[in-house]
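Encoded as structure tokens, the structure appears first; notes follow it.
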Amino acid sequence: MSTTARVAVLPKEKGPLAIVEVTFPDPAPHQVLIKQYASGICHSQLHQIHNPRATPVVLGHESTGVVIAKGNEVIHVQEGDLVMVTWVPRNQSTTDRLAVATTLNLPDGSTATCQNVFTWADHTLVDEQYVVRVSEETARDVTAIIGCAVMTGAGAILHTAGVKKGESVAVFGVGGVGLSAVAAAKVVGADPIIAVDLNEEKLSFARRFGATATVNASKEDPVKAIRQLTERSGLFDFRQRPVAGVDYALDCIGLKVTMEQILPAVRSGAFGVSPGGTAVLVGVPLTKVELIAGDLLVNEKKYMGSFAGSCIPERDFPVFLDWHKTGQLNLNDLVTQRFTLDQVNEAVLALEKGRIQGRAIFEF
Ligand SMILES: [Zn+2]
């Protein structure tokens, strides 16, 4: 039983994506064939689009769909199960087997590659490690963004940083990932939750997800503004300035400027009393940074990375689905634009031009 799918293919040479009809082989022993309902559209795909490549590339790494066939070694899902596709192994600690990235034979005889999965297609064929079974009542469209955006933003708060009730958080960049971080900060009871962005509309949108204060970095210095919002009386740093800054500052963008701002934005250490706060890099960096090493040293700050929000999909996705159900993270609000697969180049342009307020999806 072969399946014909419509797949968005990025050509080897520079140029727009094309929709190609591809005949999938039967799933290999550890593969799952999924008919997809929706896929997220992620910023990291822009990096893939702009990077040179040795082969045609198929894109996308978060989706919701239904299993239509599986290899004989796959036991955690059955035909007919509702599932989510993600780019992180569903639970690597339960297996010694390493997941295998899919390659796809195209009709012109070339072979397309992907990072590890592809979801910009009406069907996908992926290693079983990237497939998470979810409950039957799961919404089939907006949940597609759990597999990257929600996991990355919310996981950074929950797992990488481990933010606790009453701790202060600043989130730089409130797109799909940043808004998920803001919502998770609210769930754990962080206060204040400061959203930082260049766009006033995005900032007021962030208040709907739990931001208690906003800073427009196109109008004021975000570090100064955050320090003013968080100054603590009676505590002083090594230089005898009042302790100020957030307990955690997350950079959900990965630009040089924001990667450098999150360190001075976190709380200085109270000299002789307690260490400083933690800067968390969440967005994909494309450059090196220069950090003020003296600030890191005397204020006993930490600078750490958060990759995929330190999530274990099989453990964490049910939690995020529950947040959606209870309204703690309303994915219907977070998904602000929908495209068909035929609009793929339009979607990429909208992403590139910053026209997507929350997160966009493809619906198949
Ligand atoms: Zn992503």
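To be explicit about the labels: the chains of the structure tokens are called A, B, and onward in the order shown, and within each one the residues are counted from 1, while ligands get numbers from 1 in the order they are shown.
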
Open item on the list: Residues near Leu263 (chain A), anyone? I mean within 9 Å using only C-alpha atoms, not counting same-chain ones fewer than 2 positions away, as number ranges by chain.
Closed with: A: 249, 259-261, 265-267, 277-280, 291-292, 295-296, 301-303

Open item on the list: Taking only C-alpha atoms and all ligand atoms into account, list the residues no farther than 10 Å from ligand 1, as a ChimeraX atom specification.
Closed with: /A:40-46,60-62,86-87,145-152,176-177,283-284,308

Show me, as a PDB file with N, CA and C atoms, in the first residue's frame, the residues that have an atom within 12 Å of Leu334 (chain A) when counting only C-alpha atoms, minus same-chain residues fewer than 3 positions from it.
ATOM      1  N   GLY A  40       2.740  23.372  12.436  1.00  0.00           N
ATOM      2  CA  GLY A  40       3.193  24.705  12.813  1.00  0.00           C
ATOM      3  C   GLY A  40       4.183  25.254  11.792  1.00  0.00           C
ATOM      4  N   ASP A 141      -6.273  21.042  15.087  1.00  0.00           N
ATOM      5  CA  ASP A 141      -5.594  22.117  14.357  1.00  0.00           C
ATOM      6  C   ASP A 141      -4.555  22.836  15.232  1.00  0.00           C
ATOM      7  N   VAL A 142      -5.036  23.579  16.240  1.00  0.00           N
ATOM      8  CA  VAL A 142      -4.135  24.468  16.992  1.00  0.00           C
ATOM      9  C   VAL A 142      -3.096  23.731  17.837  1.00  0.00           C
ATOM     10  N   THR A 143      -3.360  22.461  18.163  1.00  0.00           N
ATOM     11  CA  THR A 143      -2.401  21.708  18.977  1.00  0.00           C
ATOM     12  C   THR A 143      -1.123  21.413  18.206  1.00  0.00           C
ATOM     13  N   ALA A 144      -1.140  21.633  16.889  1.00  0.00           N
ATOM     14  CA  ALA A 144       0.049  21.365  16.061  1.00  0.00           C
ATOM     15  C   ALA A 144       1.270  22.147  16.539  1.00  0.00           C
ATOM     16  N   ILE A 145       1.048  23.242  17.268  1.00  0.00           N
ATOM     17  CA  ILE A 145       2.194  24.081  17.665  1.00  0.00           C
ATOM     18  C   ILE A 145       2.797  23.660  19.002  1.00  0.00           C
ATOM     19  N   ILE A 146       2.265  22.605  19.584  1.00  0.00           N
ATOM     20  CA  ILE A 146       2.850  22.118  20.844  1.00  0.00           C
ATOM     21  C   ILE A 146       4.225  21.501  20.596  1.00  0.00           C
ATOM     22  N   ALA A 149       6.834  25.167  19.342  1.00  0.00           N
ATOM     23  CA  ALA A 149       6.699  26.480  19.982  1.00  0.00           C
ATOM     24  C   ALA A 149       6.381  26.374  21.473  1.00  0.00           C
ATOM     25  N   VAL A 150       5.338  25.632  21.795  1.00  0.00           N
ATOM     26  CA  VAL A 150       4.903  25.542  23.190  1.00  0.00           C
ATOM     27  C   VAL A 150       5.963  24.825  24.030  1.00  0.00           C
ATOM     28  N   VAL A 174       8.081  38.193  22.095  1.00  0.00           N
ATOM     29  CA  VAL A 174       6.835  37.501  22.439  1.00  0.00           C
ATOM     30  C   VAL A 174       6.071  37.087  21.179  1.00  0.00           C
ATOM     31  N   GLY A 175       6.707  36.222  20.385  1.00  0.00           N
ATOM     32  CA  GLY A 175       6.029  35.486  19.320  1.00  0.00           C
ATOM     33  C   GLY A 175       5.488  34.199  19.924  1.00  0.00           C
ATOM     34  N   GLY A 176       5.345  33.170  19.111  1.00  0.00           N
ATOM     35  CA  GLY A 176       4.764  31.912  19.588  1.00  0.00           C
ATOM     36  C   GLY A 176       5.511  31.302  20.759  1.00  0.00           C
ATOM     37  N   VAL A 177       6.843  31.302  20.695  1.00  0.00           N
ATOM     38  CA  VAL A 177       7.650  30.711  21.771  1.00  0.00           C
ATOM     39  C   VAL A 177       7.566  31.585  23.026  1.00  0.00           C
ATOM     40  N   GLY A 178       7.773  32.902  22.847  1.00  0.00           N
ATOM     41  CA  GLY A 178       7.764  33.818  23.988  1.00  0.00           C
ATOM     42  C   GLY A 178       6.415  33.847  24.699  1.00  0.00           C
ATOM     43  N   LEU A 179       5.328  33.808  23.929  1.00  0.00           N
ATOM     44  CA  LEU A 179       3.995  33.815  24.552  1.00  0.00           C
ATOM     45  C   LEU A 179       3.763  32.525  25.349  1.00  0.00           C
ATOM     46  N   SER A 180       4.298  31.422  24.846  1.00  0.00           N
ATOM     47  CA  SER A 180       4.196  30.160  25.591  1.00  0.00           C
ATOM     48  C   SER A 180       4.974  30.260  26.906  1.00  0.00           C
ATOM     49  N   ALA A 181       6.105  30.950  26.860  1.00  0.00           N
ATOM     50  CA  ALA A 181       6.891  31.155  28.085  1.00  0.00           C
ATOM     51  C   ALA A 181       6.125  32.049  29.065  1.00  0.00           C
ATOM     52  N   VAL A 182       5.513  33.107  28.545  1.00  0.00           N
ATOM     53  CA  VAL A 182       4.723  34.012  29.396  1.00  0.00           C
ATOM     54  C   VAL A 182       3.582  33.242  30.070  1.00  0.00           C
ATOM     55  N   ALA A 183       2.868  32.433  29.276  1.00  0.00           N
ATOM     56  CA  ALA A 183       1.745  31.666  29.828  1.00  0.00           C
ATOM     57  C   ALA A 183       2.225  30.686  30.898  1.00  0.00           C
ATOM     58  N   LYS A 202       2.176  43.446  19.745  1.00  0.00           N
ATOM     59  CA  LYS A 202       2.633  42.179  20.324  1.00  0.00           C
ATOM     60  C   LYS A 202       2.657  42.270  21.839  1.00  0.00           C
ATOM     61  N   PHE A 205      -0.817  42.115  23.211  1.00  0.00           N
ATOM     62  CA  PHE A 205      -1.239  40.718  23.036  1.00  0.00           C
ATOM     63  C   PHE A 205      -0.665  39.847  24.164  1.00  0.00           C
ATOM     64  N   ALA A 206       0.599  40.123  24.553  1.00  0.00           N
ATOM     65  CA  ALA A 206       1.262  39.330  25.605  1.00  0.00           C
ATOM     66  C   ALA A 206       0.543  39.450  26.945  1.00  0.00           C
ATOM     67  N   ARG A 208      -2.567  39.349  27.363  1.00  0.00           N
ATOM     68  CA  ARG A 208      -3.635  38.340  27.361  1.00  0.00           C
ATOM     69  C   ARG A 208      -3.141  36.978  27.823  1.00  0.00           C
ATOM     70  N   PHE A 209      -1.824  36.740  27.700  1.00  0.00           N
ATOM     71  CA  PHE A 209      -1.269  35.440  28.090  1.00  0.00           C
ATOM     72  C   PHE A 209      -0.680  35.480  29.495  1.00  0.00           C
ATOM     73  N   HIS A 324      -4.326  23.899  27.604  1.00  0.00           N
ATOM     74  CA  HIS A 324      -5.194  24.390  26.525  1.00  0.00           C
ATOM     75  C   HIS A 324      -6.657  24.173  26.915  1.00  0.00           C
ATOM     76  N   GLY A 327      -7.760  26.563  29.587  1.00  0.00           N
ATOM     77  CA  GLY A 327      -7.641  27.982  29.240  1.00  0.00           C
ATOM     78  C   GLY A 327      -6.388  28.647  29.788  1.00  0.00           C
ATOM     79  N   GLN A 328      -5.492  27.875  30.422  1.00  0.00           N
ATOM     80  CA  GLN A 328      -4.255  28.475  30.949  1.00  0.00           C
ATOM     81  C   GLN A 328      -3.289  28.848  29.818  1.00  0.00           C
ATOM     82  N   LEU A 329      -3.393  28.138  28.726  1.00  0.00           N
ATOM     83  CA  LEU A 329      -2.636  28.499  27.527  1.00  0.00           C
ATOM     84  C   LEU A 329      -3.580  28.259  26.355  1.00  0.00           C
ATOM     85  N   ASN A 330      -4.294  29.321  25.983  1.00  0.00           N
ATOM     86  CA  ASN A 330      -5.309  29.167  24.948  1.00  0.00           C
ATOM     87  C   ASN A 330      -4.668  29.157  23.559  1.00  0.00           C
ATOM     88  N   LEU A 331      -4.569  27.964  22.994  1.00  0.00           N
ATOM     89  CA  LEU A 331      -3.906  27.836  21.689  1.00  0.00           C
ATOM     90  C   LEU A 331      -4.745  28.453  20.567  1.00  0.00           C
ATOM     91  N   GLN A 337      -2.715  32.900  12.578  1.00  0.00           N
ATOM     92  CA  GLN A 337      -2.869  32.860  11.121  1.00  0.00           C
ATOM     93  C   GLN A 337      -2.875  31.422  10.628  1.00  0.00           C
ATOM     94  N   ARG A 338      -3.658  31.183   9.583  1.00  0.00           N
ATOM     95  CA  ARG A 338      -3.749  29.838   9.006  1.00  0.00           C
ATOM     96  C   ARG A 338      -3.516  29.914   7.507  1.00  0.00           C
ATOM     97  N   ILE A 356       3.404  37.801  11.610  1.00  0.00           N
ATOM     98  CA  ILE A 356       2.638  36.812  12.376  1.00  0.00           C
ATOM     99  C   ILE A 356       2.760  37.139  13.861  1.00  0.00           C
ATOM    100  N   GLN A 357       1.618  37.491  14.454  1.00  0.00           N
ATOM    101  CA  GLN A 357       1.640  37.991  15.821  1.00  0.00           C
ATOM    102  C   GLN A 357       1.943  36.880  16.825  1.00  0.00           C
ATOM    103  N   GLY A 358       1.231  35.766  16.706  1.00  0.00           N
ATOM    104  CA  GLY A 358       1.466  34.616  17.595  1.00  0.00           C
ATOM    105  C   GLY A 358       2.215  33.563  16.829  1.00  0.00           C
ATOM    106  N   ARG A 359       1.502  32.517  16.434  1.00  0.00           N
ATOM    107  CA  ARG A 359       2.096  31.455  15.641  1.00  0.00           C
ATOM    108  C   ARG A 359       1.161  31.158  14.466  1.00  0.00           C
ATOM    109  N   ALA A 360       1.716  30.816  13.322  1.00  0.00           N
ATOM    110  CA  ALA A 360       0.912  30.439  12.160  1.00  0.00           C
ATOM    111  C   ALA A 360       0.937  28.928  11.975  1.00  0.00           C
ATOM    112  N   ILE A 361      -0.119  28.407  11.351  1.00  0.00           N
ATOM    113  CA  ILE A 361      -0.151  26.972  11.045  1.00  0.00           C
ATOM    114  C   ILE A 361      -0.559  26.758   9.582  1.00  0.00           C
TER     115      ILE A 361
END

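With distances restricted to only C-alpha atoms, A:Phe339 is the closest residue to Leu351 (chain A) from A:Val85, A:Pro29, A:Thr287, A:Phe339.
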
Open item on the list: Would you pick out the contacts of Gly173 (chain A) at 8 Å or less, using only C-alpha atoms, so that residues sharing its chain but fewer than 6 positions from it are not included, and give the list as a ChimeraX atom specification?
Closed with: /A:195-197,251-253

Prev. selection, N, CA and C atoms, output as a short mmCIF file (atom, residue, chain, number, x, y, z; two decimals), in the first residue's frame:
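Just written: result.cif:
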data_model
loop_
_atom_site.label_atom_id
_atom_site.label_comp_id
_atom_site.auth_asym_id
_atom_site.auth_seq_id
_atom_site.Cartn_x
_atom_site.Cartn_y
_atom_site.Cartn_z
N ALA A 195 7.09 41.39 29.61
CA ALA A 195 7.27 41.08 28.19
C ALA A 195 8.05 42.19 27.52
N VAL A 196 9.04 41.83 26.72
CA VAL A 196 9.87 42.82 26.01
C VAL A 196 9.78 42.54 24.51
N ASP A 197 9.43 43.55 23.74
CA ASP A 197 9.38 43.39 22.29
C ASP A 197 9.50 44.78 21.66
N ASP A 251 15.76 34.95 26.54
CA ASP A 251 15.84 35.49 25.18
C ASP A 251 15.22 34.48 24.23
N CYS A 252 14.02 34.79 23.74
CA CYS A 252 13.32 33.89 22.82
C CYS A 252 13.57 34.28 21.38
N ILE A 253 14.60 35.11 21.11
CA ILE A 253 14.89 35.56 19.76
C ILE A 253 16.24 35.00 19.28
#

Open item on the list: Can you measure CA of Cys114 (chain A) to CA of Lys256 (chain A) for me? One decimal in Å is fine.
Closed with: 26.9 Å

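For region 341-350 of chain A, the residues within 8 Å (counting only C-alpha atoms, excluding itself and residues fewer than 2 positions away along the chain) are Ala8, Pro16, Leu17, Ile19, Ile41, Leu46, Trp120, Ala121, Asp122, Phe339, Glu352, Lys353, Gly354, Arg355, Ile356, Ala360, Phe362, Glu363 and Phe364 of chain A.
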
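Residues of region 171-263 of chain A that DSSP places in strand (DSSP E or B), based on the backbone of this structure, are Val171, Phe172, Ile193, Ile194, Ala195, Val196, Asp197, Ala213, Thr214, Val215, Asn216, Phe236, Pro242, Val246, Tyr248, Ala249, Leu250 and Asp251 of chain A.
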
Atoms to include: N, CA and C atoms. Write the selected residues as an mmCIF file, in the first residue's frame.
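What ended up in out-v5.cif:
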data_model
loop_
_atom_site.group_PDB
_atom_site.id
_atom_site.type_symbol
_atom_site.label_atom_id
_atom_site.label_comp_id
_atom_site.auth_asym_id
_atom_site.auth_seq_id
_atom_site.Cartn_x
_atom_site.Cartn_y
_atom_site.Cartn_z
ATOM 1 N N VAL A 171 10.617 38.151 29.498
ATOM 2 C CA VAL A 171 10.669 37.373 28.261
ATOM 3 C C VAL A 171 10.928 38.331 27.104
ATOM 4 N N PHE A 172 12.086 38.176 26.468
ATOM 5 C CA PHE A 172 12.445 39.012 25.322
ATOM 6 C C PHE A 172 11.962 38.312 24.049
ATOM 7 N N ILE A 193 5.776 39.397 35.502
ATOM 8 C CA ILE A 193 6.120 38.771 34.223
ATOM 9 C C ILE A 193 6.218 39.905 33.209
ATOM 10 N N ILE A 194 7.453 40.195 32.794
ATOM 11 C CA ILE A 194 7.694 41.375 31.955
ATOM 12 C C ILE A 194 7.939 40.930 30.510
ATOM 13 N N ALA A 195 7.090 41.394 29.605
ATOM 14 C CA ALA A 195 7.265 41.078 28.185
ATOM 15 C C ALA A 195 8.052 42.195 27.521
ATOM 16 N N VAL A 196 9.042 41.833 26.721
ATOM 17 C CA VAL A 196 9.871 42.816 26.011
ATOM 18 C C VAL A 196 9.780 42.538 24.515
ATOM 19 N N ASP A 197 9.429 43.553 23.742
ATOM 20 C CA ASP A 197 9.378 43.390 22.287
ATOM 21 C C ASP A 197 9.503 44.777 21.659
ATOM 22 N N ALA A 213 3.658 43.315 32.964
ATOM 23 C CA ALA A 213 4.284 44.588 32.587
ATOM 24 C C ALA A 213 4.883 44.407 31.198
ATOM 25 N N THR A 214 4.999 45.498 30.461
ATOM 26 C CA THR A 214 5.583 45.396 29.123
ATOM 27 C C THR A 214 6.625 46.485 28.927
ATOM 28 N N VAL A 215 7.630 46.158 28.101
ATOM 29 C CA VAL A 215 8.678 47.123 27.782
ATOM 30 C C VAL A 215 8.848 47.141 26.268
ATOM 31 N N ASN A 216 8.671 48.312 25.675
ATOM 32 C CA ASN A 216 8.877 48.447 24.240
ATOM 33 C C ASN A 216 10.332 48.849 24.004
ATOM 34 N N PHE A 236 22.023 45.201 48.473
ATOM 35 C CA PHE A 236 23.000 45.911 47.650
ATOM 36 C C PHE A 236 23.982 44.955 47.007
ATOM 37 N N PRO A 242 21.654 49.353 44.656
ATOM 38 C CA PRO A 242 20.534 48.499 45.063
ATOM 39 C C PRO A 242 20.410 47.303 44.116
ATOM 40 N N VAL A 246 15.521 40.904 37.080
ATOM 41 C CA VAL A 246 14.607 39.768 37.265
ATOM 42 C C VAL A 246 15.370 38.508 37.669
ATOM 43 N N TYR A 248 14.804 35.622 36.352
ATOM 44 C CA TYR A 248 15.087 34.928 35.084
ATOM 45 C C TYR A 248 14.764 35.849 33.918
ATOM 46 N N ALA A 249 15.719 35.983 32.993
ATOM 47 C CA ALA A 249 15.447 36.694 31.740
ATOM 48 C C ALA A 249 15.650 35.708 30.601
ATOM 49 N N LEU A 250 14.614 35.540 29.778
ATOM 50 C CA LEU A 250 14.667 34.592 28.665
ATOM 51 C C LEU A 250 14.801 35.342 27.353
ATOM 52 N N ASP A 251 15.763 34.945 26.541
ATOM 53 C CA ASP A 251 15.841 35.489 25.183
ATOM 54 C C ASP A 251 15.215 34.478 24.230
#

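Minimum atom-to-atom distances from A:Asp322, A:Asp237, A:Asp316, A:Asp333 to Val298 (chain A) were compared using only C-alpha atoms, and the lowest value belongs to A:Asp237.
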
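Residue neighbourhood of Thr3 (chain A), excluding near-sequence residues (fewer than 3 positions): Arg6, Glu21, Val22, Thr23, Phe24, Pro25, Asp26, Pro27, Leu33, Ile34, Lys35, Ile68, Ala69, Asp122, His123, Thr124 and Leu125 of chain A, at 12 Å, using only C-alpha atoms.
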
Residues of the last selection are to be written out with N, CA and C atoms, as a PDB file, in the first residue's frame.
ATOM      1  N   ARG A   6       1.282  15.239  -0.756  1.00  0.00           N
ATOM      2  CA  ARG A   6       1.713  16.537  -1.273  1.00  0.00           C
ATOM      3  C   ARG A   6       2.678  17.135  -0.248  1.00  0.00           C
ATOM      4  N   GLU A  21       4.196  16.152  -5.575  1.00  0.00           N
ATOM      5  CA  GLU A  21       3.493  14.898  -5.233  1.00  0.00           C
ATOM      6  C   GLU A  21       4.530  13.799  -5.101  1.00  0.00           C
ATOM      7  N   VAL A  22       4.578  13.193  -3.931  1.00  0.00           N
ATOM      8  CA  VAL A  22       5.605  12.192  -3.640  1.00  0.00           C
ATOM      9  C   VAL A  22       4.919  10.893  -3.225  1.00  0.00           C
ATOM     10  N   THR A  23       5.366   9.781  -3.767  1.00  0.00           N
ATOM     11  CA  THR A  23       4.840   8.485  -3.341  1.00  0.00           C
ATOM     12  C   THR A  23       5.709   7.958  -2.203  1.00  0.00           C
ATOM     13  N   PHE A  24       5.083   7.791  -1.046  1.00  0.00           N
ATOM     14  CA  PHE A  24       5.823   7.288   0.115  1.00  0.00           C
ATOM     15  C   PHE A  24       5.911   5.770   0.039  1.00  0.00           C
ATOM     16  N   PRO A  25       7.042   5.197   0.445  1.00  0.00           N
ATOM     17  CA  PRO A  25       7.112   3.743   0.580  1.00  0.00           C
ATOM     18  C   PRO A  25       6.351   3.305   1.836  1.00  0.00           C
ATOM     19  N   ASP A  26       6.137   2.009   2.004  1.00  0.00           N
ATOM     20  CA  ASP A  26       5.561   1.526   3.262  1.00  0.00           C
ATOM     21  C   ASP A  26       6.520   1.874   4.397  1.00  0.00           C
ATOM     22  N   PRO A  27       5.997   2.085   5.598  1.00  0.00           N
ATOM     23  CA  PRO A  27       6.896   2.445   6.708  1.00  0.00           C
ATOM     24  C   PRO A  27       7.942   1.355   6.963  1.00  0.00           C
ATOM     25  N   LEU A  33       3.624   6.246   9.500  1.00  0.00           N
ATOM     26  CA  LEU A  33       3.048   7.067   8.426  1.00  0.00           C
ATOM     27  C   LEU A  33       1.826   7.780   8.991  1.00  0.00           C
ATOM     28  N   ILE A  34       1.815   9.089   8.844  1.00  0.00           N
ATOM     29  CA  ILE A  34       0.781   9.912   9.487  1.00  0.00           C
ATOM     30  C   ILE A  34       0.094  10.800   8.454  1.00  0.00           C
ATOM     31  N   LYS A  35      -1.236  10.797   8.505  1.00  0.00           N
ATOM     32  CA  LYS A  35      -2.006  11.772   7.736  1.00  0.00           C
ATOM     33  C   LYS A  35      -2.149  12.977   8.650  1.00  0.00           C
ATOM     34  N   ILE A  68      -1.788   6.257   9.977  1.00  0.00           N
ATOM     35  CA  ILE A  68      -2.490   5.411   9.001  1.00  0.00           C
ATOM     36  C   ILE A  68      -1.724   4.118   8.707  1.00  0.00           C
ATOM     37  N   ALA A  69      -0.440   4.072   9.064  1.00  0.00           N
ATOM     38  CA  ALA A  69       0.313   2.812   8.940  1.00  0.00           C
ATOM     39  C   ALA A  69       1.546   2.911   9.822  1.00  0.00           C
ATOM     40  N   ASP A 122       0.900  17.033   3.499  1.00  0.00           N
ATOM     41  CA  ASP A 122      -0.366  16.500   4.035  1.00  0.00           C
ATOM     42  C   ASP A 122      -0.189  15.141   4.709  1.00  0.00           C
ATOM     43  N   HIS A 123       0.921  14.440   4.404  1.00  0.00           N
ATOM     44  CA  HIS A 123       1.280  13.213   5.115  1.00  0.00           C
ATOM     45  C   HIS A 123       2.752  13.314   5.499  1.00  0.00           C
ATOM     46  N   THR A 124       3.139  12.591   6.526  1.00  0.00           N
ATOM     47  CA  THR A 124       4.565  12.507   6.824  1.00  0.00           C
ATOM     48  C   THR A 124       4.924  11.081   7.218  1.00  0.00           C
ATOM     49  N   LEU A 125       6.195  10.756   7.043  1.00  0.00           N
ATOM     50  CA  LEU A 125       6.731   9.450   7.389  1.00  0.00           C
ATOM     51  C   LEU A 125       7.914   9.723   8.310  1.00  0.00           C
TER      52      LEU A 125
END

- [ ] Go ahead and compute the interatomic distance for CA of Glu220 (chain A) and CA of Pro192 (chain A), in Å to one decimal.
- [x] 18.6 Å

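Nearest residue to Ser135 (chain A) among A:Val163, A:Val100, A:Val57, A:Val77 is A:Val77, counting only C-alpha atoms.
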